[in-house]
Amino acid sequence: MIKEKIQELSKTIFNDVVGNRRHLHANPELSFNEHQTSAFVAAQLDALGIPYEHMADTGLVALLKGGKPSDRVIALRADMDALPIVEANDVPYKSTNPGVMHACGHDVHTSSLLGTAKILSELKNEFAGTVKFIFQPAEEKLPGGASLMIKEGVLENPKPQAVFGQHVMPLIDAGKVGFRAGKYMASTDEIYVTVKGKGGHGAQPQQNIDPVIITAHILVALQTIVSRTADPKLPSVLSFGKVIANGATNVIPNEVYLEGTFRTLDEAWRKEAHQKMKKMAEGIAESMGGSCDFNIMNGYPFLINEEKLTAATRAHAEDYLGKENVLDLDIWMAAEDFAYYSQVADSCFYRLGTRNEARGITSSVHTPTFDIEENALELSTGLMAYLALKELGN
């Protein structure tokens, strides 16, 4: 049976996948600069005899046709970029690029997809259909590599009937995966605000227009956009992580600078909230004698897993792993540029467990101590190969 063949192949290539993951982890590259990573992926595809082309500068898309006739096409996606984080792990494969680290598991995604390509290339004479492998740059930085690859035609010629992606999840034990049908991850927008007033001596506030006080009112008032304007049934998050008022104990500055993020799961509300936030902030500043430059950079849309595809994929995962190893996921207010694929094609984005408490592998993504239980790499390669062939009708 095809399942048993895939499981055996995933064991056979396991050490190679671990080696590839460690190589990528030790040589991380930031978004839009994945030149060595791209070259490494290309060399691996060359070795497998799988044709590919470059897209979005450092991205690649490869095509593997099964030996049996079928017009079915599916796409499998991995992202390749790392984060500007100094790694704190003391491991043989620690980052050799100072200040850059694979702290979000994209080394896992890339090495896993290469492993899946290896498995499927070994089985190409036994399946029908075409598999498109998407190795994408710049998931971590706007406008997102997914949007660029889609614009350059990654989902055309041939057009896939479904797109799959997997992402590490340190909250889930290695050996398990998680699914959620429907809306899963949030849109994400970046907010940049400058509140302007008139600075001066802190002992003479009557002579100034205090942008710090104006900012305090704006920060508190904006939270009512979420608590009193949004539908309570619709998740929304508004957070400000940077506030710079560069005065002193007795110096009121001329302006205050803010940066924040807004996230939700509805595009109509997203646009409405943008308008309300801007109007409210500018109105408060004006009413207090100051002014406000309120700018929003649109980020990724919300991610939606197509209901029927995700239900079928979950059932295939239960068949491959056992029902006890397939979990339900809750809504996750983080963002992922896989959302771009999900907005234009039937998509399924699931989570790969990488946790091992006994070994202390519990750190969250985007932290200096993030790492994975590497035994998960056997599951990550085999499961995706199985899901691909089942979706192709094999």
# chains A, B, ... in the order shown; residues from 1 in each chain; ligands from 1
call {"tool": "closest_atom_pairs", "arguments": {"of": "segment 147-263 of chain A", "to": "segment 66-82 of chain A", "cutoff": "10 Å", "atoms": "only C-alpha atoms", "output": "Markdown table"}}
result
| residue | atom | partner | partner_atom | distance |
| --- | --- | --- | --- | --- |
| A:Val154 | CA | A:Ala75 | CA | 9.4 |
| A:Leu155 | CA | A:Ala75 | CA | 8.2 |
| A:Pro158 | CA | A:Val73 | CA | 7.2 |
| A:Lys159 | CA | A:Val73 | CA | 6.7 |
| A:Pro160 | CA | A:Val73 | CA | 4.5 |
| A:Gln161 | CA | A:Ile74 | CA | 5.6 |
| A:Ala162 | CA | A:Ile74 | CA | 5.0 |
| A:Val163 | CA | A:Ala75 | CA | 4.6 |
| A:Phe164 | CA | A:Leu76 | CA | 4.9 |
| A:Gly165 | CA | A:Arg77 | CA | 5.1 |
| A:Gln166 | CA | A:Ala78 | CA | 7.5 |
| A:His167 | CA | A:Ala78 | CA | 8.6 |
call {"tool": "write_last_selection", "arguments": {"atoms": "N, CA and C atoms", "output": "PDB file, in the first residue's frame"}}
result
ATOM      1  N   VAL A 154       2.675  31.887  -9.574  1.00  0.00           N
ATOM      2  CA  VAL A 154       3.014  30.598  -8.975  1.00  0.00           C
ATOM      3  C   VAL A 154       1.812  29.651  -8.934  1.00  0.00           C
ATOM      4  N   LEU A 155       0.595  30.210  -8.951  1.00  0.00           N
ATOM      5  CA  LEU A 155      -0.594  29.366  -8.922  1.00  0.00           C
ATOM      6  C   LEU A 155      -1.211  29.190 -10.314  1.00  0.00           C
ATOM      7  N   PRO A 158       0.795  24.873 -14.240  1.00  0.00           N
ATOM      8  CA  PRO A 158      -0.636  24.584 -14.109  1.00  0.00           C
ATOM      9  C   PRO A 158      -1.213  25.152 -12.818  1.00  0.00           C
ATOM     10  N   LYS A 159      -2.536  25.285 -12.801  1.00  0.00           N
ATOM     11  CA  LYS A 159      -3.235  25.813 -11.647  1.00  0.00           C
ATOM     12  C   LYS A 159      -3.584  24.689 -10.685  1.00  0.00           C
ATOM     13  N   PRO A 160      -3.160  24.792  -9.419  1.00  0.00           N
ATOM     14  CA  PRO A 160      -3.470  23.714  -8.469  1.00  0.00           C
ATOM     15  C   PRO A 160      -4.917  23.785  -7.984  1.00  0.00           C
ATOM     16  N   GLN A 161      -5.478  22.615  -7.749  1.00  0.00           N
ATOM     17  CA  GLN A 161      -6.826  22.558  -7.177  1.00  0.00           C
ATOM     18  C   GLN A 161      -6.807  22.774  -5.654  1.00  0.00           C
ATOM     19  N   ALA A 162      -5.640  22.626  -5.054  1.00  0.00           N
ATOM     20  CA  ALA A 162      -5.518  22.817  -3.613  1.00  0.00           C
ATOM     21  C   ALA A 162      -4.076  23.190  -3.277  1.00  0.00           C
ATOM     22  N   VAL A 163      -3.919  23.978  -2.190  1.00  0.00           N
ATOM     23  CA  VAL A 163      -2.597  24.378  -1.708  1.00  0.00           C
ATOM     24  C   VAL A 163      -2.485  23.970  -0.235  1.00  0.00           C
ATOM     25  N   PHE A 164      -1.370  23.318   0.102  1.00  0.00           N
ATOM     26  CA  PHE A 164      -1.149  22.855   1.473  1.00  0.00           C
ATOM     27  C   PHE A 164       0.097  23.522   2.054  1.00  0.00           C
ATOM     28  N   GLY A 165       0.034  23.807   3.347  1.00  0.00           N
ATOM     29  CA  GLY A 165       1.203  24.288   4.063  1.00  0.00           C
ATOM     30  C   GLY A 165       1.195  23.723   5.474  1.00  0.00           C
ATOM     31  N   GLN A 166       2.381  23.553   6.043  1.00  0.00           N
ATOM     32  CA  GLN A 166       2.464  23.131   7.438  1.00  0.00           C
ATOM     33  C   GLN A 166       3.396  24.082   8.177  1.00  0.00           C
ATOM     34  N   HIS A 167       3.170  24.210   9.481  1.00  0.00           N
ATOM     35  CA  HIS A 167       3.972  25.130  10.297  1.00  0.00           C
ATOM     36  C   HIS A 167       4.220  24.493  11.650  1.00  0.00           C
TER      37      HIS A 167
END
call {"tool": "closest_residue", "arguments": {"among": "A:Leu142, A:Cys348, A:Leu321, A:Ala26", "to": "Met101 of chain A", "atoms": "only C-alpha atoms"}}
result
A:Ala26
call {"tool": "residues_around", "arguments": {"residues": "Val61 of chain A", "least_positions_apart": "2", "cutoff": "6 Å", "atoms": "only C-alpha atoms", "output": "number ranges by chain"}}
result
A: 52-53, 133-134
call {"tool": "closest_residue", "arguments": {"among": "A:Leu171, A:Val108, A:Leu60, A:Ala39", "to": "Thr362 of chain A", "atoms": "only C-alpha atoms"}}
result
A:Leu171
call {"tool": "closest_atom_pairs", "arguments": {"of": "segment 250-272 of chain A", "to": "segment 233-244 of chain A", "cutoff": "8 Å", "atoms": "only C-alpha atoms", "output": "tab-separated table"}}
result
residue	atom	partner	partner_atom	distance
A:Val256	CA	A:Ile244	CA	5.6
A:Tyr257	CA	A:Ile244	CA	5.1
A:Leu258	CA	A:Val243	CA	4.6
A:Glu259	CA	A:Lys242	CA	5.0
A:Gly260	CA	A:Phe240	CA	3.8
A:Thr261	CA	A:Ser239	CA	5.4
A:Phe262	CA	A:Leu238	CA	4.6
A:Arg263	CA	A:Val237	CA	5.1
A:Thr264	CA	A:Ser236	CA	4.4
A:Leu265	CA	A:Pro235	CA	6.5
A:Asp266	CA	A:Leu234	CA	7.7
call {"tool": "select_by_dssp", "arguments": {"residues": "segment 182-259 of chain A", "states": "strand (DSSP E)", "output": "PyMOL selection string"}}
result
chain A and resi 182-185+189-196+200-201+236-244+251-252+255-259
call {"tool": "closest_residue", "arguments": {"among": "A:Val251, A:Val212, A:Met333, A:Leu352", "to": "Met169 of chain A", "atoms": "only C-alpha atoms"}}
result
A:Leu352
call {"tool": "residues_around", "arguments": {"residues": "segment 377-381 of chain A", "least_positions_apart": "6", "cutoff": "7 Å", "atoms": "only C-alpha atoms", "output": "JSON, numbers by chain"}}
result
{"A": [10, 11, 14, 17, 112, 113, 115, 116, 175, 352]}
call {"tool": "write_last_selection", "arguments": {"atoms": "C-alpha atoms", "output": "PDB file, in the first residue's frame"}}
result
ATOM      1  CA  SER A  10      10.259   8.735   5.442  1.00  0.00           C
ATOM      2  CA  LYS A  11      12.349   6.525   7.734  1.00  0.00           C
ATOM      3  CA  PHE A  14      15.183  10.793   7.929  1.00  0.00           C
ATOM      4  CA  VAL A  17      16.265  15.548   6.285  1.00  0.00           C
ATOM      5  CA  SER A 112      10.598  18.854   5.222  1.00  0.00           C
ATOM      6  CA  LEU A 113       9.343  19.861   1.794  1.00  0.00           C
ATOM      7  CA  GLY A 115      12.089  15.414   2.018  1.00  0.00           C
ATOM      8  CA  THR A 116       8.540  15.197   0.701  1.00  0.00           C
ATOM      9  CA  GLY A 175       4.243  13.090  16.772  1.00  0.00           C
ATOM     10  CA  LEU A 352       3.225  20.209  13.087  1.00  0.00           C
TER      11      LEU A 352
END
call {"tool": "residues_around", "arguments": {"residues": "Pro253 of chain A", "least_positions_apart": "2", "cutoff": "12 Å", "atoms": "only C-alpha atoms", "output": "number ranges by chain"}}
result
A: 195-202, 205, 208-215, 244-251, 255-257
call {"tool": "write_last_selection", "arguments": {"atoms": "C-alpha atoms", "output": "PDB file, in the first residue's frame"}}
result
ATOM      1  CA  VAL A 195       1.283  62.839  17.775  1.00  0.00           C
ATOM      2  CA  LYS A 196       2.406  66.470  17.519  1.00  0.00           C
ATOM      3  CA  GLY A 197       2.129  69.210  20.079  1.00  0.00           C
ATOM      4  CA  LYS A 198       4.289  72.026  21.440  1.00  0.00           C
ATOM      5  CA  GLY A 199       7.067  71.110  23.815  1.00  0.00           C
ATOM      6  CA  GLY A 200       8.539  73.078  26.652  1.00  0.00           C
ATOM      7  CA  HIS A 201       9.336  73.109  30.344  1.00  0.00           C
ATOM      8  CA  GLY A 202       7.498  70.541  32.427  1.00  0.00           C
ATOM      9  CA  PRO A 205       2.400  73.030  31.105  1.00  0.00           C
ATOM     10  CA  ASN A 208       2.709  73.907  25.992  1.00  0.00           C
ATOM     11  CA  ILE A 209       0.524  71.496  24.060  1.00  0.00           C
ATOM     12  CA  ASP A 210       1.509  68.232  25.684  1.00  0.00           C
ATOM     13  CA  PRO A 211       1.689  65.397  23.107  1.00  0.00           C
ATOM     14  CA  VAL A 212       2.297  62.866  25.905  1.00  0.00           C
ATOM     15  CA  ILE A 213      -1.103  63.559  27.467  1.00  0.00           C
ATOM     16  CA  ILE A 214      -2.728  63.602  24.021  1.00  0.00           C
ATOM     17  CA  THR A 215      -1.131  60.247  23.277  1.00  0.00           C
ATOM     18  CA  ILE A 244       8.617  57.071  22.212  1.00  0.00           C
ATOM     19  CA  ALA A 245       8.262  60.406  24.000  1.00  0.00           C
ATOM     20  CA  ASN A 246      11.816  61.651  23.883  1.00  0.00           C
ATOM     21  CA  GLY A 247      11.587  64.295  26.580  1.00  0.00           C
ATOM     22  CA  ALA A 248      12.898  64.247  30.136  1.00  0.00           C
ATOM     23  CA  THR A 249      11.628  64.518  33.715  1.00  0.00           C
ATOM     24  CA  ASN A 250      11.078  68.240  33.202  1.00  0.00           C
ATOM     25  CA  VAL A 251      10.934  68.435  29.395  1.00  0.00           C
ATOM     26  CA  GLU A 255       5.944  64.922  19.523  1.00  0.00           C
ATOM     27  CA  VAL A 256       5.352  61.297  20.490  1.00  0.00           C
ATOM     28  CA  TYR A 257       5.851  58.348  18.165  1.00  0.00           C
TER      29      TYR A 257
END
call {"tool": "closest_residue", "arguments": {"among": "A:Ser347, A:Thr110, A:Gln275, A:Thr58", "to": "Ser31 of chain A", "atoms": "only C-alpha atoms"}}
result
A:Thr58
